[in-house]
file start_8.tsv (TSV, C-alpha atoms and all ligand atoms)
chain	number	residue	atom	x	y	z
E	1	MET	CA	0.00	0.00	0.00
E	2	THR	CA	1.23	3.51	-0.78
E	3	ASP	CA	1.67	6.20	1.81
E	4	LYS	CA	-1.72	7.90	2.36
E	5	THR	CA	-0.09	11.03	3.68
E	6	GLY	CA	1.88	11.58	0.45
E	7	SER	CA	1.38	15.02	-1.10
E	8	ASP	CA	-0.49	13.75	-4.18
E	9	PHE	CA	-3.23	12.05	-2.12
E	10	ARG	CA	-6.59	13.59	-2.81
E	11	CYS	CA	-9.65	13.84	-0.62
E	12	GLY	CA	-12.89	15.78	-0.71
E	13	TYR	CA	-16.65	15.98	-0.56
E	14	VAL	CA	-18.71	14.91	-3.56
E	15	ALA	CA	-22.36	16.02	-3.43
E	16	ILE	CA	-24.87	13.88	-5.32
E	17	VAL	CA	-27.95	15.89	-6.27
E	18	GLY	CA	-30.92	15.56	-8.58
E	19	ARG	CA	-34.68	15.30	-8.61
E	20	PRO	CA	-36.35	12.36	-6.81
E	21	ASN	CA	-35.84	8.85	-8.19
E	22	VAL	CA	-32.99	9.48	-10.67
E	23	GLY	CA	-30.79	6.91	-8.91
E	24	LYS	CA	-28.65	9.01	-6.54
E	25	SER	CA	-28.58	6.50	-3.70
E	26	THR	CA	-28.05	3.54	-6.04
E	27	LEU	CA	-25.10	5.37	-7.61
E	28	MET	CA	-23.52	6.16	-4.26
E	29	ASN	CA	-23.86	2.57	-3.04
E	30	GLU	CA	-22.30	1.25	-6.24
E	31	LEU	CA	-19.45	3.77	-6.13
E	32	ILE	CA	-18.45	2.81	-2.59
E	33	GLY	CA	-19.31	-0.89	-2.96
E	34	ALA	CA	-21.53	-0.99	0.13
E	35	LYS	CA	-25.21	-0.39	0.72
E	36	VAL	CA	-25.34	2.55	3.11
E	37	SER	CA	-28.23	4.43	1.52
E	38	ILE	CA	-31.68	2.94	1.07
E	39	THR	CA	-33.25	2.77	-2.39
E	40	SER	CA	-36.66	2.03	-3.88
E	41	ARG	CA	-38.74	2.37	-7.02
E	42	LYS	CA	-40.71	5.17	-5.33
E	43	ALA	CA	-39.68	8.81	-5.34
E	44	GLN	CA	-38.57	10.55	-2.14
E	45	THR	CA	-36.94	7.53	-0.55
E	46	THR	CA	-33.94	9.38	0.87
E	47	ARG	CA	-34.82	11.82	3.64
E	48	HIS	CA	-31.43	12.47	5.22
E	49	ARG	CA	-28.04	13.62	4.10
E	50	ILE	CA	-25.89	10.52	4.28
E	51	MET	CA	-22.21	10.04	3.59
E	52	GLY	CA	-20.70	7.09	1.78
E	53	ILE	CA	-16.93	6.86	1.98
E	54	GLN	CA	-14.53	5.12	-0.41
E	55	THR	CA	-10.78	5.09	0.19
E	56	ASP	CA	-8.24	3.96	-2.44
E	57	ASP	CA	-4.47	4.12	-2.48
E	58	ASP	CA	-4.48	7.60	-3.94
E	59	ALA	CA	-7.79	9.21	-2.93
E	60	GLN	CA	-10.62	9.32	-0.42
E	61	TYR	CA	-14.04	10.06	-1.89
E	62	ILE	CA	-16.61	11.34	0.59
E	63	TYR	CA	-19.92	11.12	-1.23
E	64	ILE	CA	-22.95	12.91	0.16
E	65	ASP	CA	-26.26	11.43	-0.90
E	66	THR	CA	-29.10	13.91	-0.62
E	67	PRO	CA	-32.90	13.73	-0.71
E	68	GLY	CA	-34.37	14.27	-4.16
E	69	PHE	CA	-35.33	17.93	-4.44
E	70	GLN	CA	-39.05	18.32	-3.68
E	71	THR	CA	-41.24	20.50	-5.82
E	72	ARG	CA	-44.71	19.13	-5.13
E	73	HIS	CA	-45.76	19.52	-1.49
E	74	ASN	CA	-44.74	22.36	0.73
E	75	ASN	CA	-44.90	20.79	4.21
E	76	ALA	CA	-42.22	21.16	6.89
E	77	LEU	CA	-40.62	17.84	5.95
E	78	ASN	CA	-40.14	18.84	2.32
E	79	LYS	CA	-38.84	22.31	3.15
E	80	ASN	CA	-36.37	20.62	5.44
E	81	LEU	CA	-35.29	18.18	2.70
E	82	ASN	CA	-34.69	21.03	0.27
E	83	LYS	CA	-32.64	22.97	2.79
E	84	THR	CA	-30.47	19.87	3.16
E	85	VAL	CA	-29.82	19.84	-0.60
E	86	SER	CA	-28.91	23.56	-0.73
E	87	ASN	CA	-26.56	23.33	2.28
E	88	THR	CA	-24.79	20.29	0.85
E	89	LEU	CA	-24.10	22.08	-2.43
E	90	GLN	CA	-22.38	24.96	-0.68
E	91	SER	CA	-19.79	22.77	1.04
E	92	ALA	CA	-18.97	20.36	-1.80
E	93	ASP	CA	-15.65	20.10	-3.66
E	94	VAL	CA	-17.32	18.37	-6.60
E	95	ILE	CA	-20.99	18.08	-7.52
E	96	LEU	CA	-22.56	15.16	-9.37
E	97	PHE	CA	-25.75	16.41	-11.01
E	98	LEU	CA	-27.78	13.33	-11.80
E	99	ILE	CA	-30.47	13.09	-14.43
E	100	GLU	CA	-32.25	10.21	-16.12
E	101	ALA	CA	-31.27	9.52	-19.73
E	102	GLY	CA	-33.79	11.12	-22.07
E	103	THR	CA	-35.62	13.14	-19.42
E	104	PHE	CA	-35.01	16.72	-18.44
E	105	GLY	CA	-37.95	18.59	-16.93
E	106	PRO	CA	-38.75	21.50	-14.63
E	107	ALA	CA	-37.87	19.42	-11.54
E	108	ASP	CA	-34.36	18.81	-12.94
E	109	GLU	CA	-34.03	22.44	-13.92
E	110	GLN	CA	-34.82	23.58	-10.38
E	111	VAL	CA	-31.99	21.52	-8.96
E	112	LEU	CA	-29.62	22.68	-11.70
E	113	ASN	CA	-30.37	26.29	-10.78
E	114	LEU	CA	-29.12	25.64	-7.24
E	115	ILE	CA	-25.65	24.56	-8.39
E	116	PRO	CA	-23.07	27.26	-7.61
E	117	ASP	CA	-20.97	28.41	-10.60
E	118	ASP	CA	-17.68	28.13	-8.75
E	119	VAL	CA	-17.88	24.41	-7.83
E	120	PRO	CA	-16.97	21.85	-10.54
E	121	ALA	CA	-20.11	19.93	-11.49
E	122	ILE	CA	-20.23	16.71	-13.48
E	123	LEU	CA	-23.36	15.97	-15.48
E	124	VAL	CA	-24.12	12.30	-14.85
E	125	ILE	CA	-26.70	10.83	-17.21
E	126	ASN	CA	-27.95	7.72	-15.42
E	127	LYS	CA	-30.08	4.73	-16.44
E	128	THR	CA	-28.54	4.55	-19.92
E	129	ASP	CA	-29.24	0.79	-19.84
E	130	ARG	CA	-32.84	1.74	-20.61
E	131	VAL	CA	-31.97	3.66	-23.77
E	132	LYS	CA	-32.07	1.63	-26.97
E	133	ASP	CA	-30.82	4.30	-29.35
E	134	LYS	CA	-27.58	5.45	-27.70
E	135	THR	CA	-26.94	8.06	-30.40
E	136	SER	CA	-29.95	10.02	-29.14
E	137	LEU	CA	-28.01	10.64	-25.92
E	138	PHE	CA	-25.70	13.04	-27.70
E	139	SER	CA	-28.29	15.67	-28.59
E	140	PHE	CA	-29.98	15.11	-25.25
E	141	ALA	CA	-26.72	15.86	-23.43
E	142	GLN	CA	-26.12	18.92	-25.61
E	143	ASN	CA	-29.45	20.37	-24.60
E	144	VAL	CA	-28.60	20.03	-20.90
E	145	THR	CA	-25.00	21.22	-21.16
E	146	SER	CA	-26.16	24.43	-22.81
E	147	ARG	CA	-27.73	25.36	-19.46
E	148	HIS	CA	-24.66	25.16	-17.22
E	149	LYS	CA	-20.87	25.05	-17.62
E	150	PHE	CA	-20.20	21.45	-16.59
E	151	ALA	CA	-16.68	20.21	-15.83
E	152	ALA	CA	-17.51	16.91	-17.56
E	153	VAL	CA	-20.41	14.87	-18.93
E	154	LEU	CA	-20.71	11.13	-18.46
E	155	PRO	CA	-23.48	8.66	-19.40
E	156	VAL	CA	-23.57	5.82	-16.84
E	157	SER	CA	-25.75	3.05	-15.51
E	158	ALA	CA	-25.54	2.84	-11.74
E	159	ARG	CA	-27.47	-0.41	-11.72
E	160	LYS	CA	-25.28	-2.12	-14.35
E	161	ARG	CA	-22.11	-0.40	-13.12
E	162	PHE	CA	-21.53	1.00	-16.61
E	163	GLN	CA	-18.74	3.64	-16.74
E	164	LEU	CA	-18.49	3.98	-12.95
E	165	SER	CA	-14.69	3.69	-12.92
E	166	GLN	CA	-14.54	6.43	-15.57
E	167	LEU	CA	-16.78	8.53	-13.36
E	168	GLU	CA	-14.54	7.93	-10.35
E	169	GLU	CA	-11.50	8.98	-12.35
E	170	GLU	CA	-13.27	12.15	-13.44
E	171	ILE	CA	-14.22	12.92	-9.84
E	172	ARG	CA	-10.65	12.38	-8.65
E	173	ASN	CA	-9.41	14.97	-11.15
E	174	HIS	CA	-11.43	17.60	-9.32
E	175	LEU	CA	-10.68	16.64	-5.73
E	176	PRO	CA	-8.29	18.85	-3.78
E	177	GLU	CA	-4.94	17.51	-2.60
E	178	SER	CA	-5.51	16.66	1.01
E	179	GLU	CA	-4.89	13.97	3.58
E	180	PRO	CA	-7.78	11.58	4.25
E	181	ILE	CA	-10.46	12.87	6.60
E	182	PHE	CA	-11.92	9.49	7.56
E	183	GLU	CA	-10.33	6.16	8.47
E	184	ALA	CA	-9.58	3.97	5.43
E	185	ASP	CA	-12.20	1.35	6.37
E	186	ASP	CA	-15.04	3.78	7.23
E	187	VAL	CA	-17.98	3.46	4.83
E	188	THR	CA	-20.35	6.02	6.36
E	189	ASP	CA	-20.58	8.76	8.96
E	190	ARG	CA	-23.86	7.38	10.30
E	191	SER	CA	-24.35	5.20	13.38
E	192	GLU	CA	-25.76	1.67	13.44
E	193	ARG	CA	-28.81	3.10	15.19
E	194	PHE	CA	-29.45	5.47	12.27
E	195	MET	CA	-28.87	2.69	9.73
E	196	ALA	CA	-31.36	0.49	11.60
E	197	ALA	CA	-34.11	3.12	11.22
E	198	GLU	CA	-33.28	3.56	7.53
E	199	ILE	CA	-33.43	-0.17	6.86
E	200	VAL	CA	-36.93	-0.37	8.38
E	201	ARG	CA	-37.97	2.66	6.34
E	202	GLU	CA	-36.74	0.98	3.16
E	203	LYS	CA	-39.03	-1.97	3.84
E	204	ILE	CA	-42.00	0.39	4.14
E	205	PHE	CA	-41.09	1.84	0.74
E	206	ARG	CA	-40.72	-1.60	-0.76
E	207	PHE	CA	-43.67	-3.43	0.82
E	208	CYS	CA	-46.39	-0.81	1.20
E	209	GLY	CA	-48.59	0.85	-1.42
E	210	ASP	CA	-48.49	4.41	-2.63
E	211	GLU	CA	-49.54	6.29	0.48
E	212	LEU	CA	-47.88	4.72	3.52
E	213	PRO	CA	-44.24	5.50	2.67
E	214	TYR	CA	-45.05	9.21	2.66
E	215	THR	CA	-47.25	9.30	5.74
E	216	SER	CA	-44.99	7.31	8.03
E	217	THR	CA	-41.59	7.49	9.63
E	218	VAL	CA	-39.43	5.27	11.82
E	219	VAL	CA	-38.01	5.93	15.27
E	220	ILE	CA	-35.57	3.64	17.05
E	221	GLU	CA	-36.77	3.67	20.64
E	222	GLN	CA	-34.04	1.45	22.01
E	223	PHE	CA	-30.78	0.18	20.52
E	224	GLU	CA	-28.71	-2.16	22.63
E	225	LYS	CA	-25.20	-3.20	21.63
E	226	LYS	CA	-23.84	-6.32	23.20
E	227	ASP	CA	-20.67	-7.45	21.47
E	228	ARG	CA	-22.15	-10.40	19.57
E	229	LEU	CA	-25.77	-9.12	19.41
E	230	ARG	CA	-27.85	-6.05	18.63
E	231	ARG	CA	-31.30	-5.62	20.19
E	232	VAL	CA	-33.36	-3.12	18.22
E	233	PHE	CA	-36.77	-1.76	19.24
E	234	ALA	CA	-38.30	0.28	16.42
E	235	ALA	CA	-41.56	2.20	16.15
E	236	ILE	CA	-43.24	3.01	12.86
E	237	LEU	CA	-45.23	6.22	13.26
E	238	VAL	CA	-48.30	6.55	11.05
E	239	GLU	CA	-50.84	9.32	10.63
E	240	ARG	CA	-54.10	7.42	11.14
E	241	THR	CA	-55.56	4.26	12.65
E	242	ALA	CA	-56.43	3.05	9.15
E	243	HIS	CA	-52.77	3.39	8.20
E	244	LYS	CA	-51.80	1.27	11.17
E	245	ALA	CA	-54.03	-1.56	9.98
E	246	MET	CA	-52.58	-1.34	6.45
E	247	MET	CA	-49.02	-1.31	7.78
E	248	ILE	CA	-49.61	-4.43	9.86
E	249	GLY	CA	-51.52	-6.21	7.11
E	250	HIS	CA	-53.89	-9.16	7.17
E	251	LYS	CA	-53.11	-11.27	10.23
E	252	GLY	CA	-49.93	-9.24	10.69
E	253	GLU	CA	-48.41	-10.75	7.56
E	254	ARG	CA	-47.02	-7.55	6.09
E	255	LEU	CA	-45.32	-6.39	9.27
E	256	LYS	CA	-43.91	-9.85	9.78
E	257	GLU	CA	-42.40	-9.87	6.30
E	258	MET	CA	-40.98	-6.37	6.66
E	259	SER	CA	-39.47	-7.24	10.06
E	260	SER	CA	-37.88	-10.37	8.74
E	261	GLU	CA	-36.24	-8.62	5.76
E	262	ALA	CA	-35.14	-5.68	7.90
E	263	ARG	CA	-33.55	-7.99	10.44
E	264	GLN	CA	-31.63	-9.85	7.73
E	265	ASP	CA	-30.35	-6.58	6.24
E	266	MET	CA	-29.24	-5.39	9.68
E	267	GLU	CA	-27.40	-8.64	10.32
E	268	LYS	CA	-25.60	-8.25	6.99
E	269	MET	CA	-24.67	-4.66	7.74
E	270	PHE	CA	-23.65	-5.05	11.40
E	271	GLY	CA	-22.08	-8.49	10.98
E	272	VAL	CA	-23.71	-9.83	14.15
E	273	PRO	CA	-27.07	-11.45	15.03
E	274	VAL	CA	-29.94	-8.97	15.46
E	275	TYR	CA	-33.08	-9.20	17.57
E	276	LEU	CA	-35.66	-6.80	16.12
E	277	GLU	CA	-39.08	-5.72	17.38
E	278	ILE	CA	-41.25	-3.30	15.41
E	279	TRP	CA	-44.35	-1.60	16.79
E	280	VAL	CA	-46.74	0.52	14.75
E	281	LYS	CA	-48.02	3.67	16.47
E	282	VAL	CA	-50.47	6.37	15.43
E	283	LYS	CA	-48.99	9.85	15.73
E	284	SER	CA	-50.74	12.27	13.43
E	285	GLY	CA	-49.05	15.41	12.11
E	286	TRP	CA	-45.46	14.20	12.48
E	287	ALA	CA	-44.45	15.46	9.00
E	288	ASP	CA	-45.85	18.94	9.51
E	289	ASN	CA	-44.12	20.01	12.67
E	290	GLU	CA	-40.56	21.42	12.61
E	291	ALA	CA	-39.74	20.66	16.24
E	292	GLY	CA	-41.15	17.18	15.93
E	293	LEU	CA	-39.03	16.53	12.84
E	294	ARG	CA	-35.86	17.31	14.76
E	295	ALA	CA	-36.90	14.83	17.40
E	296	TYR	CA	-37.12	12.18	14.63
E	297	GLY	CA	-33.60	12.93	13.43
E	298	TYR	CA	-34.30	15.35	10.55
E	299	GLU	CA	-31.58	17.99	10.64
B	301	LIG	N1	-32.71	0.83	-15.09
B	301	LIG	C1	-32.02	1.45	-14.14
B	301	LIG	N2	-32.60	1.73	-12.97
B	301	LIG	C2	-31.87	2.37	-12.02
B	301	LIG	C3	-30.52	2.76	-12.25
B	301	LIG	N3	-30.09	3.40	-11.15
B	301	LIG	C4	-31.12	3.39	-10.26
B	301	LIG	N4	-32.20	2.76	-10.78
B	301	LIG	C5	-33.50	2.52	-10.15
B	301	LIG	O1	-34.17	3.74	-9.93
B	301	LIG	C6	-34.97	3.69	-8.75
B	301	LIG	C7	-34.62	4.84	-7.83
B	301	LIG	O2	-33.31	4.66	-7.34
B	301	LIG	P1	-32.80	5.44	-6.05
B	301	LIG	O3	-31.33	5.19	-5.98
B	301	LIG	O4	-33.62	5.13	-4.85
B	301	LIG	O5	-33.07	6.95	-6.51
B	301	LIG	P2	-32.83	8.32	-5.72
B	301	LIG	O6	-32.44	9.34	-6.72
B	301	LIG	O7	-31.89	8.09	-4.59
B	301	LIG	O8	-34.30	8.63	-5.19
B	301	LIG	P3	-34.76	9.59	-3.96
B	301	LIG	O9	-33.95	9.24	-2.76
B	301	LIG	O10	-36.19	9.23	-3.80
B	301	LIG	O11	-34.56	10.98	-4.42
B	301	LIG	C8	-34.68	2.32	-8.13
B	301	LIG	O12	-35.71	1.44	-8.49
B	301	LIG	C9	-33.35	1.93	-8.75
B	301	LIG	O13	-33.15	0.52	-8.82
B	301	LIG	C10	-29.93	2.45	-13.52
B	301	LIG	O14	-28.77	2.75	-13.82
B	301	LIG	N5	-30.72	1.80	-14.41
B	302	MG	MG	-32.15	8.37	-2.60

call {"tool": "encode", "arguments": {"input": "start_8.tsv", "output": "structure tokens", "more": "lines below"}}
Ligand SMILES: Nc1nc2c(ncn2[C@@H]2O[C@H](COP(=O)(O)OP(=O)(O)OP(=O)(O)O)[C@@H](O)[C@H]2O)c(=O)[nH]1
Ligand SMILES: [Mg+2]
result
Amino acid sequence: MTDKTGSDFRCGYVAIVGRPNVGKSTLMNELIGAKVSITSRKAQTTRHRIMGIQTDDDAQYIYIDTPGFQTRHNNALNKNLNKTVSNTLQSADVILFLIEAGTFGPADEQVLNLIPDDVPAILVINKTDRVKDKTSLFSFAQNVTSRHKFAAVLPVSARKRFQLSQLEEEIRNHLPESEPIFEADDVTDRSERFMAAEIVREKIFRFCGDELPYTSTVVIEQFEKKDRLRRVFAAILVERTAHKAMMIGHKGERLKEMSSEARQDMEKMFGVPVYLEIWVKVKSGWADNEAGLRAYGYE
């Protein structure tokens, strides 16, 4: 291994921004080779700023996954999510502006307008595996690059890992020379307790219909670490009694399935056996109240 304190070592913050559902969290997970950010087919999965860290012999990449920028509803939760995106952009060394191949709409434009002119931004065109006629990507890219002075443009597929090493090389070119900020084996800045809540939230996004993911959140009420075991007591907060019934499902089947998958994911992530209990509680108005949001871990 080479000396990580050598003067040509690079290290910096790489903000990943874009409208909901373009694949930001998938891209970050694939770039660092670990699943630290939850993903789903539904928009607005990510609700917190979360770092994913990748350290090589010659660079440390500190990716910051952000919530997809919200343009639809104006509640306290969404205002808070948008503030997170704006703050992240200000402190980044490099910005990855993610869009979906073939789509550029007002929601993308709004995010693009937030990108400061003095931070190098790479236009990352994701989901190219879905595009049959690759030549169409050229004029598509031209249309987007006419709106901002990008440092580079790269078509990728996060899911198929297409051109990700090229993307990493491009990012490295724009990182400042600096010693590493995190330990070489760190993959995230978040605690196991935080990851536990996120894993449960992912199951809600993956197992429940259209409404529940947006009207619920997860709180870890107790997290016990004993060297070869984690005991996790989670509460899913829902808005209404009817939501509680839907979350639990017929004869408790849905909650049972979600618990089982969440427990397996936690065991994979923590590397130790996990005991998990999930309770569903009705707590209306949680998404509309600023003080309450802080209590649930929203910055
Ligand atoms: N076909 C294809 N699908 C992808 C690709 N990258 C991500 N996806 C899918 O797109 C969906 C959204 O991915 P996420 O990573 O959760 O998107 P996101 O931008 O983080 O979404 P929010 O957190 O809601 O803003 C998931 O179903 C992913 O599997 C890709 O390269 N190709
Ligand atoms: Mg996400």

call {"tool": "atom_distance", "arguments": {"input": "start_8.tsv", "atom1": "CA of Gly68 (chain E)", "atom2": "atom O1 of ligand LIG 301 (chain B)"}}
result
12.0 Å

call {"tool": "closest_atom_pairs", "arguments": {"input": "start_8.tsv", "of": "chain E", "to": "ligand LIG 301 (chain B)", "cutoff": "10 Å", "atoms": "all atoms listed in the file", "output": "Markdown table"}}
result
| residue | atom | partner | partner_atom | distance |
| --- | --- | --- | --- | --- |
| E:Ile16 | CA | B:LIG301 | O6 | 8.9 |
| E:Val17 | CA | B:LIG301 | O6 | 8.0 |
| E:Gly18 | CA | B:LIG301 | O6 | 6.7 |
| E:Arg19 | CA | B:LIG301 | O11 | 6.0 |
| E:Pro20 | CA | B:LIG301 | O11 | 3.3 |
| E:Asn21 | CA | B:LIG301 | O8 | 3.4 |
| E:Val22 | CA | B:LIG301 | O6 | 4.0 |
| E:Gly23 | CA | B:LIG301 | O5 | 3.3 |
| E:Lys24 | CA | B:LIG301 | O6 | 3.8 |
| E:Ser25 | CA | B:LIG301 | O7 | 3.8 |
| E:Thr26 | CA | B:LIG301 | O3 | 3.7 |
| E:Leu27 | CA | B:LIG301 | N3 | 6.4 |
| E:Met28 | CA | B:LIG301 | O3 | 8.1 |
| E:Asn29 | CA | B:LIG301 | O3 | 8.4 |
| E:Glu30 | CA | B:LIG301 | N3 | 9.5 |
| E:Ser37 | CA | B:LIG301 | O7 | 8.0 |
| E:Ile38 | CA | B:LIG301 | O4 | 6.6 |
| E:Thr39 | CA | B:LIG301 | O4 | 3.4 |
| E:Ser40 | CA | B:LIG301 | O4 | 4.4 |
| E:Arg41 | CA | B:LIG301 | O12 | 3.5 |
| E:Lys42 | CA | B:LIG301 | O10 | 6.3 |
| E:Ala43 | CA | B:LIG301 | O10 | 3.8 |
| E:Gln44 | CA | B:LIG301 | O10 | 3.2 |
| E:Thr45 | CA | B:LIG301 | O10 | 3.7 |
| E:Thr46 | CA | B:LIG301 | O9 | 3.6 |
| E:Arg47 | CA | B:LIG301 | O9 | 7.0 |
| E:His48 | CA | B:LIG301 | O9 | 9.0 |
| E:Asp65 | CA | B:LIG301 | O7 | 7.5 |
| E:Thr66 | CA | B:LIG301 | O9 | 7.1 |
| E:Pro67 | CA | B:LIG301 | O11 | 4.9 |
| E:Gly68 | CA | B:LIG301 | O11 | 3.3 |
| E:Phe69 | CA | B:LIG301 | O11 | 7.0 |
| E:Gln70 | CA | B:LIG301 | O11 | 8.6 |
| E:Leu98 | CA | B:LIG301 | O6 | 8.0 |
| E:Ile99 | CA | B:LIG301 | O6 | 8.8 |
| E:Glu100 | CA | B:LIG301 | C10 | 8.5 |
| E:Ala101 | CA | B:LIG301 | O14 | 9.3 |
| E:Ile125 | CA | B:LIG301 | O14 | 9.0 |
| E:Asn126 | CA | B:LIG301 | O14 | 5.3 |
| E:Lys127 | CA | B:LIG301 | O14 | 3.5 |
| E:Thr128 | CA | B:LIG301 | O14 | 6.4 |
| E:Asp129 | CA | B:LIG301 | N5 | 5.7 |
| E:Arg130 | CA | B:LIG301 | N1 | 5.6 |
| E:Val131 | CA | B:LIG301 | N1 | 9.2 |
| E:Pro155 | CA | B:LIG301 | O14 | 9.7 |
| E:Val156 | CA | B:LIG301 | O14 | 6.8 |
| E:Ser157 | CA | B:LIG301 | O14 | 3.5 |
| E:Ala158 | CA | B:LIG301 | O14 | 3.8 |
| E:Arg159 | CA | B:LIG301 | O14 | 4.0 |
| E:Lys160 | CA | B:LIG301 | O14 | 6.0 |
| E:Arg161 | CA | B:LIG301 | O14 | 7.4 |
| E:Phe162 | CA | B:LIG301 | O14 | 8.0 |
| E:Glu202 | CA | B:LIG301 | O4 | 9.5 |
| E:Phe205 | CA | B:LIG301 | O4 | 9.9 |
| E:Arg206 | CA | B:LIG301 | O12 | 9.7 |

call {"tool": "residues_around", "arguments": {"input": "start_8.tsv", "residues": "Glu261 (chain E)", "least_positions_apart": "6", "cutoff": "9 Å", "atoms": "only C-alpha atoms", "output": "number ranges by chain"}}
result
E: 199-200, 203

call {"tool": "atom_distance", "arguments": {"input": "start_8.tsv", "atom1": "CA of Val272 (chain E)", "atom2": "CA of Ile248 (chain E)"}}
result
26.8 Å

call {"tool": "residues_near_point", "arguments": {"input": "start_8.tsv", "point": "(-11.2, 16.0, -7.4)", "cutoff": "9 Å", "atoms": "all atoms listed in the file", "output": "PyMOL selection string"}}
result
chain E and resi 10-14+59+61+93-94+120+169-177

call {"tool": "closest_residue", "arguments": {"input": "start_8.tsv", "among": "E:Thr71, E:Gln60, E:Lys281, E:Leu123", "to": "Ala107 (chain E)", "atoms": "all atoms listed in the file"}}
result
E:Thr71

call {"tool": "closest_residue", "arguments": {"input": "start_8.tsv", "among": "E:Asp133, E:Glu179, E:Glu198, E:Glu192", "to": "ligand MG 302 (chain B)", "atoms": "all atoms listed in the file"}}
result
E:Glu198

call {"tool": "atom_distance", "arguments": {"input": "start_8.tsv", "atom1": "atom MG of ligand MG 302 (chain B)", "atom2": "CA of Trp279 (chain E)"}}
result
25.0 Å

call {"tool": "axis_aligned_box", "arguments": {"input": "start_8.tsv", "around": "region 149-163 of chain E", "padding_each_side": "3 Å", "output": "lines of an AutoDock Vina configuration file"}}
result
center_x = -22.1
center_y = 11.5
center_z = -15.6
size_x = 16.8
size_y = 33.2
size_z = 13.7

call {"tool": "build_atoms", "arguments": {"input": "start_8.tsv", "residues": "region 139-154 of chain E", "atoms": "N, CA and C atoms", "output": "PDB file, keeping the file's coordinate frame"}}
result
ATOM      1  N   SER E 139     -27.547  14.409 -28.501  1.00  0.00           N
ATOM      2  CA  SER E 139     -28.290  15.670 -28.590  1.00  0.00           C
ATOM      3  C   SER E 139     -28.997  15.986 -27.275  1.00  0.00           C
ATOM      4  N   PHE E 140     -29.379  14.919 -26.567  1.00  0.00           N
ATOM      5  CA  PHE E 140     -29.980  15.110 -25.250  1.00  0.00           C
ATOM      6  C   PHE E 140     -28.985  15.811 -24.315  1.00  0.00           C
ATOM      7  N   ALA E 141     -27.757  15.297 -24.303  1.00  0.00           N
ATOM      8  CA  ALA E 141     -26.720  15.860 -23.430  1.00  0.00           C
ATOM      9  C   ALA E 141     -26.428  17.313 -23.822  1.00  0.00           C
ATOM     10  N   GLN E 142     -26.394  17.554 -25.138  1.00  0.00           N
ATOM     11  CA  GLN E 142     -26.120  18.920 -25.610  1.00  0.00           C
ATOM     12  C   GLN E 142     -27.136  19.917 -25.094  1.00  0.00           C
ATOM     13  N   ASN E 143     -28.377  19.509 -25.088  1.00  0.00           N
ATOM     14  CA  ASN E 143     -29.450  20.370 -24.600  1.00  0.00           C
ATOM     15  C   ASN E 143     -29.219  20.733 -23.132  1.00  0.00           C
ATOM     16  N   VAL E 144     -28.797  19.760 -22.324  1.00  0.00           N
ATOM     17  CA  VAL E 144     -28.600  20.030 -20.900  1.00  0.00           C
ATOM     18  C   VAL E 144     -27.322  20.830 -20.649  1.00  0.00           C
ATOM     19  N   THR E 145     -26.266  20.515 -21.406  1.00  0.00           N
ATOM     20  CA  THR E 145     -25.000  21.220 -21.160  1.00  0.00           C
ATOM     21  C   THR E 145     -25.050  22.673 -21.599  1.00  0.00           C
ATOM     22  N   SER E 146     -26.041  23.025 -22.419  1.00  0.00           N
ATOM     23  CA  SER E 146     -26.160  24.430 -22.810  1.00  0.00           C
ATOM     24  C   SER E 146     -26.679  25.280 -21.646  1.00  0.00           C
ATOM     25  N   ARG E 147     -27.145  24.631 -20.580  1.00  0.00           N
ATOM     26  CA  ARG E 147     -27.730  25.360 -19.460  1.00  0.00           C
ATOM     27  C   ARG E 147     -26.764  25.641 -18.312  1.00  0.00           C
ATOM     28  N   HIS E 148     -25.614  24.973 -18.327  1.00  0.00           N
ATOM     29  CA  HIS E 148     -24.660  25.160 -17.220  1.00  0.00           C
ATOM     30  C   HIS E 148     -23.275  24.763 -17.733  1.00  0.00           C
ATOM     31  N   LYS E 149     -22.238  25.386 -17.205  1.00  0.00           N
ATOM     32  CA  LYS E 149     -20.870  25.050 -17.620  1.00  0.00           C
ATOM     33  C   LYS E 149     -20.394  23.855 -16.785  1.00  0.00           C
ATOM     34  N   PHE E 150     -20.602  22.651 -17.321  1.00  0.00           N
ATOM     35  CA  PHE E 150     -20.200  21.450 -16.590  1.00  0.00           C
ATOM     36  C   PHE E 150     -18.714  21.167 -16.779  1.00  0.00           C
ATOM     37  N   ALA E 151     -18.097  20.580 -15.740  1.00  0.00           N
ATOM     38  CA  ALA E 151     -16.680  20.210 -15.830  1.00  0.00           C
ATOM     39  C   ALA E 151     -16.511  18.966 -16.693  1.00  0.00           C
ATOM     40  N   ALA E 152     -17.552  18.134 -16.744  1.00  0.00           N
ATOM     41  CA  ALA E 152     -17.510  16.910 -17.560  1.00  0.00           C
ATOM     42  C   ALA E 152     -18.932  16.369 -17.710  1.00  0.00           C
ATOM     43  N   VAL E 153     -19.117  15.522 -18.709  1.00  0.00           N
ATOM     44  CA  VAL E 153     -20.410  14.870 -18.930  1.00  0.00           C
ATOM     45  C   VAL E 153     -20.161  13.377 -19.067  1.00  0.00           C
ATOM     46  N   LEU E 154     -20.940  12.567 -18.379  1.00  0.00           N
ATOM     47  CA  LEU E 154     -20.710  11.130 -18.460  1.00  0.00           C
ATOM     48  C   LEU E 154     -22.026  10.337 -18.411  1.00  0.00           C
TER      49      LEU E 154
END
